[in-house]
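Enquirer: Following this message is one structure expressed as structure tokens.
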Amino acid sequence: MDAQVVRSSSPPSHVGIHVMRAAIRLLAVFVVFLGSLFVWFMMPTNTYSQIWRVQIRQKTNTSTYLGSEGSNIVMFTFPILFLALLGCVFLHLGKKLNDYKMESSSNGTKNRFAIWKKPMLVKGPLGIVSGIELAFFIMFIALLIWSFSTYLHNSFANITPKSAAKNHEKIWESKLDSAALRLGLVGNICLAFLFFPVARGSSILALFGLTSEGSIKYHIWLGHLVMLLFTAHGLCYIIYWAATGQISEMVQWEKTGISNIAGELSLLFGLIMWATAIPRIRRKIFELFFYTHYLYILFMIFFILHVGMSFSFMMLPSFYLFLVDRFLRFLQSRTRARLICSRVLPCETLELNFAKSPGLKYNPTSVMFINVPSISKMQWHPFTVTSNSSLEPEKISVVIKAEGSWTKKLYQMVSTPSPTDRIEVAVEGPYGPDSTHFLRHDTLVMVSGGSGITPFISIIRELLLMSTAFKCRVPKVVLICAFKSSLDLTMLDLILPMSSTSIDISNLELQIEAYVTRETEPKTDGSKTLRAIWFKPLATDAPISPILGKNHWLCLALIIASSFIMFLILIGIITRYYIYPIDHNSNAIFANWLRSVLNMLAICVAIASTSSAVVFWNKKRNAMQNKQIQNMEGPAPMGTPESLFYNADRELESLPQQSLAQATNVHYGGRPDLKKMIFEFKGSSVGVLVSGPKTLRHEVATICSSGLVENVHFESISFSW
């Protein structure tokens, strides 16, 4: 039997929204995105270089306002920014729909796509890769091979003994020079996509149903390809210069041509980032990886100085959108968040509770980045949001396990016998999926190891809300969690929200199988109990609010469009009244590096000014709303903060908590037989989610990709930041 959800008939306005969203996605994917890919596909061909590009440049590069940059802005930058705008409109329309009134897909649709979503590769350098991801990866590699081979074929056709002798070179030297250049051109294709996955609030990722957290592995793949191709590009040129006696070219900085020094510096900064991103170094010396990755700023600056601004517009769109996202994150992090209280669990785990504005909405498995300046002013660490924005409209919570050096310092700061009255905290986010699809399954199996249970807490709370408030039929939920010790079992107490009086847990068919792997019998430590700590935030500490307000996507579209228009106006004025009178579009007089610097400054000014204006406008709108939020951190007239939390604890110990305990089976001294447990679940669709150590994720992915049963569908939820 298919999983179904109680659904009321859609109002006409919702039908119209569905039609508009379908039309926007059709335009975005099949016209704009595939059209841009087609341009990249045609770039190596003579048709593009000798016909298309010539005709476009004749119409655009003669402009006294944009100069030589005009053609690349039209062909490469504008389409991707337009795609981002379409994504913003698509996502804004999606907010008007009731997320809980969902229809399950038909069997045909589910079966057609289920095969592609199953893991095809599990153990390997790419990690867990689904069929769809593998197909796109192969197509992307094919694009790179096609581009490089076509570039070489066309360029080698013009290299003859006569042409080589004219340049005082041997044929192999001329071909090496040509190959080195083409390696750089192919590397530019990878660079053009490099920054899309790391724009956390990207409308393009959400348009394609992706999240930045789940797409970070694509950034890793692209980063390796970029550095591999650019390193080969640089080494080939060094060999060429050494063979032809032109080693002095390494220190050349041409006024109107290619700057070799800038390229070498860009490559150097890239190599440093590449070396510190090696998995072993990243795991053991995370701070080194984290700080050296800020070199991306110098990497991009010197790359632009190396190739010139005109050529950089081919790679600019993803970096431009990343800059918009990064500046919005910077603005949000300037405000100190109002940390209300913390629950300290015996298993060296913290639950931090922040005040939030009721207008902040987010979906399960969302991630929030936290910075504690007293520990490190530079380090930001991601944690899964465990609260539900509808169940807890004025509070947002994260659970932190003391495992690394940063988290251990935070735990010690909060868990000391005399904790501080206030902890200064800055946050970015939350960031998460635009929509969830848990209702499409008959059974939802969630497998976790250790602190990997935190994303599943948010999913269970969401399903509780659906079953109670919206009367939806939700799937049966089976939580299989493995812990090292009995103390870790206290993390199960976090499944229900602090105030759970409005939740009827009987509406959710919940089964919890908890495994304690390093103990053979229950152990209790009376000295370790759950502690509640209330903080005294300052009046300037603000509830966490959506940085762009309720109409987030429309405001983001406004920033992208207005900043790009402002950039075009600024650079048009600079070109028309400063550069053109000197250069007259000859590109032979005005210094390339100065043109690039002026363009980069114009981009920064445009993004900073428009983003700041929109954020300031939204802050004024939110000011009145924030004043209405009740002060949750101080003692109430009828009792102390401790008594308030005691009352909350009593709520948790009421009927819902008793029902939760009845649904929990604890096993000691062994690990779960995941293969047997997953295969025994019946139903047309069994969704399997996994979060935890790498070995656990690989084990579950291997089971789901075995093909022994057809009803198991692996849902890839990545937490790899």
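Each chain in the structure tokens gets a letter, A, B, ..., in the order shown, and its residues are numbered from 1; ligands are numbered from 1 in order too.
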Got a sec: who's within 9 Å of Glu249 in chain A, counting only C-alpha atoms, leaving out chain neighbours fewer than 6 positions off, as a list in words?

Expert: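 My reading of the contact set: Ile238, Trp241, Asn260 and Ile261 of chain A.
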
Enquirer: Leaving out Ala469 in chain A and any residue of its chain fewer than 2 positions from it, which residues lie within 12 Å of it when counting only C-alpha atoms, given as an mmCIF file with N, CA and C atoms, in the first residue's frame?

Expert:
```
data_model
loop_
_atom_site.group_PDB
_atom_site.id
_atom_site.type_symbol
_atom_site.label_atom_id
_atom_site.label_comp_id
_atom_site.auth_asym_id
_atom_site.auth_seq_id
_atom_site.Cartn_x
_atom_site.Cartn_y
_atom_site.Cartn_z
ATOM 1 N N TYR A 100 2.615 20.752 4.390
ATOM 2 C CA TYR A 100 2.194 19.491 4.984
ATOM 3 C C TYR A 100 1.151 18.766 4.164
ATOM 4 N N SER A 390 7.634 25.291 14.403
ATOM 5 C CA SER A 390 6.198 25.419 14.668
ATOM 6 C C SER A 390 5.849 24.982 16.089
ATOM 7 N N LEU A 391 6.470 23.909 16.560
ATOM 8 C CA LEU A 391 6.240 23.465 17.929
ATOM 9 C C LEU A 391 6.814 24.451 18.939
ATOM 10 N N ARG A 461 10.349 15.251 15.627
ATOM 11 C CA ARG A 461 9.492 16.352 16.084
ATOM 12 C C ARG A 461 8.608 16.867 14.946
ATOM 13 N N GLU A 462 9.139 16.883 13.734
ATOM 14 C CA GLU A 462 8.334 17.318 12.596
ATOM 15 C C GLU A 462 7.180 16.355 12.345
ATOM 16 N N LEU A 463 7.460 15.052 12.436
ATOM 17 C CA LEU A 463 6.406 14.061 12.224
ATOM 18 C C LEU A 463 5.377 14.108 13.346
ATOM 19 N N LEU A 464 5.823 14.405 14.573
ATOM 20 C CA LEU A 464 4.878 14.582 15.673
ATOM 21 C C LEU A 464 3.937 15.751 15.397
ATOM 22 N N LEU A 465 4.500 16.835 14.878
ATOM 23 C CA LEU A 465 3.680 18.002 14.543
ATOM 24 C C LEU A 465 2.678 17.667 13.444
ATOM 25 N N MET A 466 3.126 16.969 12.402
ATOM 26 C CA MET A 466 2.237 16.617 11.299
ATOM 27 C C MET A 466 1.079 15.745 11.768
ATOM 28 N N SER A 467 1.402 14.771 12.616
ATOM 29 C CA SER A 467 0.373 13.829 13.060
ATOM 30 C C SER A 467 -0.591 14.446 14.052
ATOM 31 N N LYS A 471 -3.063 16.441 11.428
ATOM 32 C CA LYS A 471 -3.811 15.196 11.276
ATOM 33 C C LYS A 471 -3.380 14.423 10.029
ATOM 34 N N CYS A 472 -2.103 14.479 9.730
ATOM 35 C CA CYS A 472 -1.583 13.750 8.577
ATOM 36 C C CYS A 472 -1.297 12.305 8.956
ATOM 37 N N ARG A 473 -1.416 11.457 7.993
ATOM 38 C CA ARG A 473 -0.966 10.089 8.191
ATOM 39 C C ARG A 473 0.529 10.051 7.912
ATOM 40 N N SER A 502 1.146 19.876 24.135
ATOM 41 C CA SER A 502 0.245 19.876 22.981
ATOM 42 C C SER A 502 0.534 18.739 22.014
ATOM 43 N N ILE A 503 1.477 17.862 22.384
ATOM 44 C CA ILE A 503 1.872 16.788 21.492
ATOM 45 C C ILE A 503 1.286 15.471 21.981
ATOM 46 N N ASP A 504 0.626 14.774 21.072
ATOM 47 C CA ASP A 504 0.095 13.446 21.364
ATOM 48 C C ASP A 504 0.981 12.433 20.667
ATOM 49 N N ILE A 505 1.897 11.848 21.428
ATOM 50 C CA ILE A 505 2.878 10.939 20.826
ATOM 51 C C ILE A 505 2.229 9.651 20.339
ATOM 52 N N ASN A 507 -0.088 9.407 18.343
ATOM 53 C CA ASN A 507 -0.408 9.531 16.912
ATOM 54 C C ASN A 507 0.735 9.080 16.020
#
```

Enquirer: Name the closest residue to Ile128 in chain A among the candidates A:Trp172, A:Phe564, A:Tyr218, A:Phe286; distances are taken between atoms, counting only C-alpha atoms.

Expert: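 When distances to Ile128 in chain A are compared using only C-alpha atoms, the smallest one comes from A:Tyr218.
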
Enquirer: Residues at most 10 Å from Asn618 in chain A, counting only C-alpha atoms, excluding those fewer than 2 positions away in the same chain, as a list in words?

Expert: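 Surrounding residues, per the criterion: Ser545, Pro546, Ile547, Leu548, Gly549, Lys550, Asn551, His552, Cys555, Ser612, Ala613, Val614, Val615, Phe616, Lys620, Arg621, Asn622 and Ala623 of chain A.
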
Enquirer: Nearest to Val186 in chain A: which of A:Phe714, A:Tyr362, A:Phe41, A:Phe330 is it, counting only C-alpha atoms?

Expert: A:Phe41

Enquirer: Using DSSP on the backbone, list every residue of range 84-190 of chain A that comes out as strand (DSSP E or B), and give them as JSON, numbers by chain.

Expert: {"A": [119, 120, 121, 129, 130]}
